[in-house]
Amino acid sequence: MSQPKVNILLATYNGEKFLKTQLDSLIEQTYENIDIYVRDDCSTDNTVEFIKNYIESNKSGKRIILLENNGVNLRPPKSFYQIARECEPAEYYAFCDQDDVWDNDKLSIAIQSLEKFDHLVPNLYFSNLRMVDDTLSYIRDFYNEKEVDIDNKLSLVQIFTYGCTCVFNQSALSIYCKVNNKSFHDNWIYIICSFMGNVFYDSSAHIQYRQHNSNLSGHKT
């Protein structure tokens with residue numbers, strides 16, 4: 001039986017310093033049926049040149065597609081929205097930040113969890129995060145035990161999802177793309193799936209969530 005296709009949606013901006021480690025972790029996923037879509041948000045460093053060189057040297061069999069940005073800086077939420085609208089259809093999708101590092105079983109575990117749900121409704125998987133510094137030294141797990149409470153009404157005022165852990169199905173993406181919501185991409189997916197389908201939270205972390213001075217979004221002490 002063939003694996004369902006997963007599209008990884010990667011938004012970059014001035015990410016040259018950490019991008020190789022992240023791309024390597026995507027290529028090294030044990031889950032094989034992956035396409036990686038990258039949209040750069042008008043970087044002023046060598047990010048785009050690095051991506052092009054990485055694509056040329058990629059021999060993994062996993063496709064990396066660099067999308068055109070038409071010289072428009074959209075900022076992260078709209079950049080992810082644009083990637084979602086432009087990528088080819090797939091059974092599943094995963095948001096991806098440029099400076100984290102994924103455990104090699106991250107997607108395998110996510111898809112295994114999502115395959116248990118009805119594919120006709122919007123479904124979301126997200127997980128805990130292993131917080132690390134810019135050298136990947138461990139700081140702490142982001143969520144404590146029993147801290148995350150999945151409830152559709154609470155989703156309107158309290159969001160637990162961080163986009164870099166979110167994996168969701170085609171049904172969720174189709175609704176996400178119909179409305180250019182002004183919410184953050186991960187908040188909007190969480191609300192859609194909370195009210196219209198299923199949300200699964202994995203209390204184990206399968207990602208190194210890098211904290212550094214150049215973070216565009218995410219946790220701040």
# chains A, B, ... in the order shown; residues from 1 in each chain; ligands from 1

$ select_by_dssp --residues "stretch 15-210 of chain A" --states "strand (DSSP E)" --output "number ranges by chain"
A: 34-40, 63-67, 92-96, 101-102, 123-132, 138-141, 167-169, 198-210

$ write_last_selection --atoms "C-alpha atoms" --output "PDB file, in the first residue's frame"
ATOM      1  CA  ILE A  34       7.054  13.982   0.798  1.00  0.00           C
ATOM      2  CA  ASP A  35       7.152  17.130  -1.324  1.00  0.00           C
ATOM      3  CA  ILE A  36       8.660  20.289   0.179  1.00  0.00           C
ATOM      4  CA  TYR A  37       7.255  23.619  -1.026  1.00  0.00           C
ATOM      5  CA  VAL A  38       9.309  26.689  -0.153  1.00  0.00           C
ATOM      6  CA  ARG A  39       8.272  30.319  -0.479  1.00  0.00           C
ATOM      7  CA  ASP A  40      10.848  32.947   0.419  1.00  0.00           C
ATOM      8  CA  ARG A  63      11.122  16.947  -4.182  1.00  0.00           C
ATOM      9  CA  ILE A  64      11.888  20.522  -3.128  1.00  0.00           C
ATOM     10  CA  ILE A  65       9.959  23.186  -5.047  1.00  0.00           C
ATOM     11  CA  LEU A  66      10.835  26.881  -4.728  1.00  0.00           C
ATOM     12  CA  LEU A  67       7.772  29.021  -5.455  1.00  0.00           C
ATOM     13  CA  TYR A  92      -1.782  15.796   4.172  1.00  0.00           C
ATOM     14  CA  TYR A  93       0.050  19.071   4.793  1.00  0.00           C
ATOM     15  CA  ALA A  94       2.548  20.281   7.395  1.00  0.00           C
ATOM     16  CA  PHE A  95       3.549  23.823   8.285  1.00  0.00           C
ATOM     17  CA  CYS A  96       7.308  24.231   8.674  1.00  0.00           C
ATOM     18  CA  VAL A 101      14.975  20.680  13.500  1.00  0.00           C
ATOM     19  CA  TRP A 102      12.501  17.819  13.057  1.00  0.00           C
ATOM     20  CA  ASN A 123      -8.378  16.806  11.050  1.00  0.00           C
ATOM     21  CA  LEU A 124      -5.337  18.241  12.811  1.00  0.00           C
ATOM     22  CA  TYR A 125      -2.372  16.705  14.611  1.00  0.00           C
ATOM     23  CA  PHE A 126      -0.053  18.825  16.725  1.00  0.00           C
ATOM     24  CA  SER A 127       2.516  18.037  19.389  1.00  0.00           C
ATOM     25  CA  ASN A 128       4.591  19.328  22.237  1.00  0.00           C
ATOM     26  CA  LEU A 129       7.868  21.094  21.463  1.00  0.00           C
ATOM     27  CA  ARG A 130      11.387  20.470  22.717  1.00  0.00           C
ATOM     28  CA  MET A 131      12.747  23.986  23.251  1.00  0.00           C
ATOM     29  CA  VAL A 132      16.435  24.451  22.407  1.00  0.00           C
ATOM     30  CA  TYR A 138      17.966  21.531  25.365  1.00  0.00           C
ATOM     31  CA  ILE A 139      16.084  24.104  27.478  1.00  0.00           C
ATOM     32  CA  ARG A 140      12.805  22.369  28.394  1.00  0.00           C
ATOM     33  CA  ASP A 141       9.663  20.885  26.904  1.00  0.00           C
ATOM     34  CA  VAL A 167      -0.018  18.329  10.316  1.00  0.00           C
ATOM     35  CA  PHE A 168      -3.511  18.356   8.784  1.00  0.00           C
ATOM     36  CA  ASN A 169      -5.553  16.817   6.004  1.00  0.00           C
ATOM     37  CA  ASN A 198     -10.934  16.334  15.017  1.00  0.00           C
ATOM     38  CA  VAL A 199      -7.841  17.576  16.857  1.00  0.00           C
ATOM     39  CA  PHE A 200      -5.217  15.198  18.225  1.00  0.00           C
ATOM     40  CA  TYR A 201      -2.554  16.449  20.652  1.00  0.00           C
ATOM     41  CA  ASP A 202       0.658  14.454  21.102  1.00  0.00           C
ATOM     42  CA  SER A 203       2.224  15.261  24.486  1.00  0.00           C
ATOM     43  CA  SER A 204       5.584  13.970  23.252  1.00  0.00           C
ATOM     44  CA  ALA A 205       7.816  16.404  21.396  1.00  0.00           C
ATOM     45  CA  HIS A 206       9.107  15.440  17.946  1.00  0.00           C
ATOM     46  CA  ILE A 207      10.746  18.730  17.049  1.00  0.00           C
ATOM     47  CA  GLN A 208      13.610  20.864  18.312  1.00  0.00           C
ATOM     48  CA  TYR A 209      12.043  24.317  18.577  1.00  0.00           C
ATOM     49  CA  ARG A 210      14.931  26.728  18.252  1.00  0.00           C
TER      50      ARG A 210
END

$ select_by_dssp --residues "stretch 13-59 of chain A" --states "alpha helix (DSSP H)" --output "list in words"
Glu16, Lys17, Phe18, Leu19, Lys20, Thr21, Gln22, Leu23, Asp24, Ser25, Leu26, Ile27, Thr47, Val48, Glu49, Phe50, Ile51, Lys52, Asn53, Tyr54, Ile55, Glu56 and Ser57 of chain A

$ residues_around --residues "stretch 10-13 of chain A" --least-positions-apart "3" --cutoff "12 Å" --atoms "only C-alpha atoms" --output "ChimeraX atom specification"
/A:7,16-20,22-23,26,35-48,50-51,64-69,72-84,87,93-100,163-164,185,214-217

$ closest_residue --among "A:Ile55, A:Ile191, A:Ile27, A:Ile111" --to "A:Leu154" --atoms "only C-alpha atoms"
A:Ile191

$ residues_around --residues "A:Ser155" --least-positions-apart "2" --cutoff "10 Å" --atoms "only C-alpha atoms" --output "VMD selection string"
chain A and resid 149 to 153 157 to 161 187 to 188 190 to 195

$ closest_residue --among "A:Glu49, A:Glu28, A:Asp103, A:Glu115" --to "A:Pro4" --atoms "only C-alpha atoms"
A:Glu115

$ decode --residues "stretch 139-159 of chain A" --atoms "N, CA, C and O atoms" --output "PDB file, in the first residue's frame"
ATOM      1  N   ILE A 139      16.526  23.184  26.427  1.00  0.00           N
ATOM      2  CA  ILE A 139      16.084  24.104  27.478  1.00  0.00           C
ATOM      3  C   ILE A 139      15.005  23.427  28.328  1.00  0.00           C
ATOM      4  O   ILE A 139      15.187  23.214  29.522  1.00  0.00           O
ATOM      5  N   ARG A 140      13.898  23.071  27.712  1.00  0.00           N
ATOM      6  CA  ARG A 140      12.805  22.369  28.394  1.00  0.00           C
ATOM      7  C   ARG A 140      11.750  22.008  27.364  1.00  0.00           C
ATOM      8  O   ARG A 140      11.748  22.530  26.245  1.00  0.00           O
ATOM      9  N   ASP A 141      10.846  21.109  27.729  1.00  0.00           N
ATOM     10  CA  ASP A 141       9.663  20.885  26.904  1.00  0.00           C
ATOM     11  C   ASP A 141       8.720  22.068  27.087  1.00  0.00           C
ATOM     12  O   ASP A 141       8.618  22.636  28.180  1.00  0.00           O
ATOM     13  N   PHE A 142       8.033  22.442  26.023  1.00  0.00           N
ATOM     14  CA  PHE A 142       7.216  23.651  26.060  1.00  0.00           C
ATOM     15  C   PHE A 142       6.014  23.509  26.978  1.00  0.00           C
ATOM     16  O   PHE A 142       5.763  24.355  27.827  1.00  0.00           O
ATOM     17  N   TYR A 143       5.257  22.413  26.807  1.00  0.00           N
ATOM     18  CA  TYR A 143       4.041  22.222  27.611  1.00  0.00           C
ATOM     19  C   TYR A 143       4.298  21.230  28.741  1.00  0.00           C
ATOM     20  O   TYR A 143       4.955  20.206  28.553  1.00  0.00           O
ATOM     21  N   ASN A 144       3.745  21.537  29.892  1.00  0.00           N
ATOM     22  CA  ASN A 144       3.766  20.605  31.011  1.00  0.00           C
ATOM     23  C   ASN A 144       2.655  19.577  30.841  1.00  0.00           C
ATOM     24  O   ASN A 144       1.722  19.763  30.053  1.00  0.00           O
ATOM     25  N   GLU A 145       2.727  18.507  31.618  1.00  0.00           N
ATOM     26  CA  GLU A 145       1.714  17.466  31.555  1.00  0.00           C
ATOM     27  C   GLU A 145       0.329  18.032  31.899  1.00  0.00           C
ATOM     28  O   GLU A 145       0.171  18.801  32.840  1.00  0.00           O
ATOM     29  N   LYS A 146      -0.649  17.697  31.087  1.00  0.00           N
ATOM     30  CA  LYS A 146      -2.055  18.093  31.259  1.00  0.00           C
ATOM     31  C   LYS A 146      -2.288  19.598  31.094  1.00  0.00           C
ATOM     32  O   LYS A 146      -3.347  20.117  31.448  1.00  0.00           O
ATOM     33  N   GLU A 147      -1.318  20.317  30.538  1.00  0.00           N
ATOM     34  CA  GLU A 147      -1.497  21.762  30.336  1.00  0.00           C
ATOM     35  C   GLU A 147      -2.390  22.060  29.136  1.00  0.00           C
ATOM     36  O   GLU A 147      -3.090  23.070  29.097  1.00  0.00           O
ATOM     37  N   VAL A 148      -2.382  21.185  28.152  1.00  0.00           N
ATOM     38  CA  VAL A 148      -3.136  21.408  26.919  1.00  0.00           C
ATOM     39  C   VAL A 148      -4.554  20.870  27.077  1.00  0.00           C
ATOM     40  O   VAL A 148      -4.758  19.712  27.435  1.00  0.00           O
ATOM     41  N   ASP A 149      -5.531  21.719  26.795  1.00  0.00           N
ATOM     42  CA  ASP A 149      -6.942  21.361  26.925  1.00  0.00           C
ATOM     43  C   ASP A 149      -7.622  21.587  25.577  1.00  0.00           C
ATOM     44  O   ASP A 149      -7.815  22.734  25.154  1.00  0.00           O
ATOM     45  N   ILE A 150      -7.962  20.505  24.886  1.00  0.00           N
ATOM     46  CA  ILE A 150      -8.589  20.605  23.571  1.00  0.00           C
ATOM     47  C   ILE A 150     -10.100  20.756  23.745  1.00  0.00           C
ATOM     48  O   ILE A 150     -10.780  19.867  24.239  1.00  0.00           O
ATOM     49  N   ASP A 151     -10.614  21.912  23.344  1.00  0.00           N
ATOM     50  CA  ASP A 151     -12.043  22.202  23.485  1.00  0.00           C
ATOM     51  C   ASP A 151     -12.401  23.236  22.431  1.00  0.00           C
ATOM     52  O   ASP A 151     -11.726  24.270  22.310  1.00  0.00           O
ATOM     53  N   ASN A 152     -13.472  22.986  21.663  1.00  0.00           N
ATOM     54  CA  ASN A 152     -13.750  23.897  20.552  1.00  0.00           C
ATOM     55  C   ASN A 152     -14.114  25.300  21.001  1.00  0.00           C
ATOM     56  O   ASN A 152     -13.731  26.285  20.371  1.00  0.00           O
ATOM     57  N   LYS A 153     -14.832  25.435  22.111  1.00  0.00           N
ATOM     58  CA  LYS A 153     -15.170  26.788  22.573  1.00  0.00           C
ATOM     59  C   LYS A 153     -13.933  27.517  23.088  1.00  0.00           C
ATOM     60  O   LYS A 153     -13.745  28.712  22.840  1.00  0.00           O
ATOM     61  N   LEU A 154     -13.074  26.790  23.794  1.00  0.00           N
ATOM     62  CA  LEU A 154     -11.829  27.399  24.276  1.00  0.00           C
ATOM     63  C   LEU A 154     -10.925  27.832  23.119  1.00  0.00           C
ATOM     64  O   LEU A 154     -10.108  28.748  23.269  1.00  0.00           O
ATOM     65  N   SER A 155     -11.064  27.170  21.961  1.00  0.00           N
ATOM     66  CA  SER A 155     -10.194  27.483  20.827  1.00  0.00           C
ATOM     67  C   SER A 155     -10.372  28.915  20.350  1.00  0.00           C
ATOM     68  O   SER A 155      -9.508  29.461  19.665  1.00  0.00           O
ATOM     69  N   LEU A 156     -11.493  29.552  20.709  1.00  0.00           N
ATOM     70  CA  LEU A 156     -11.726  30.946  20.307  1.00  0.00           C
ATOM     71  C   LEU A 156     -10.924  31.931  21.151  1.00  0.00           C
ATOM     72  O   LEU A 156     -10.742  33.085  20.757  1.00  0.00           O
ATOM     73  N   VAL A 157     -10.451  31.480  22.306  1.00  0.00           N
ATOM     74  CA  VAL A 157      -9.741  32.408  23.205  1.00  0.00           C
ATOM     75  C   VAL A 157      -8.380  31.894  23.642  1.00  0.00           C
ATOM     76  O   VAL A 157      -7.552  32.657  24.133  1.00  0.00           O
ATOM     77  N   GLN A 158      -8.135  30.585  23.487  1.00  0.00           N
ATOM     78  CA  GLN A 158      -6.867  30.011  23.922  1.00  0.00           C
ATOM     79  C   GLN A 158      -6.373  29.028  22.876  1.00  0.00           C
ATOM     80  O   GLN A 158      -7.045  28.036  22.588  1.00  0.00           O
ATOM     81  N   ILE A 159      -5.198  29.305  22.316  1.00  0.00           N
ATOM     82  CA  ILE A 159      -4.643  28.493  21.248  1.00  0.00           C
ATOM     83  C   ILE A 159      -3.394  27.777  21.745  1.00  0.00           C
ATOM     84  O   ILE A 159      -2.504  28.397  22.316  1.00  0.00           O
TER      85      ILE A 159
END
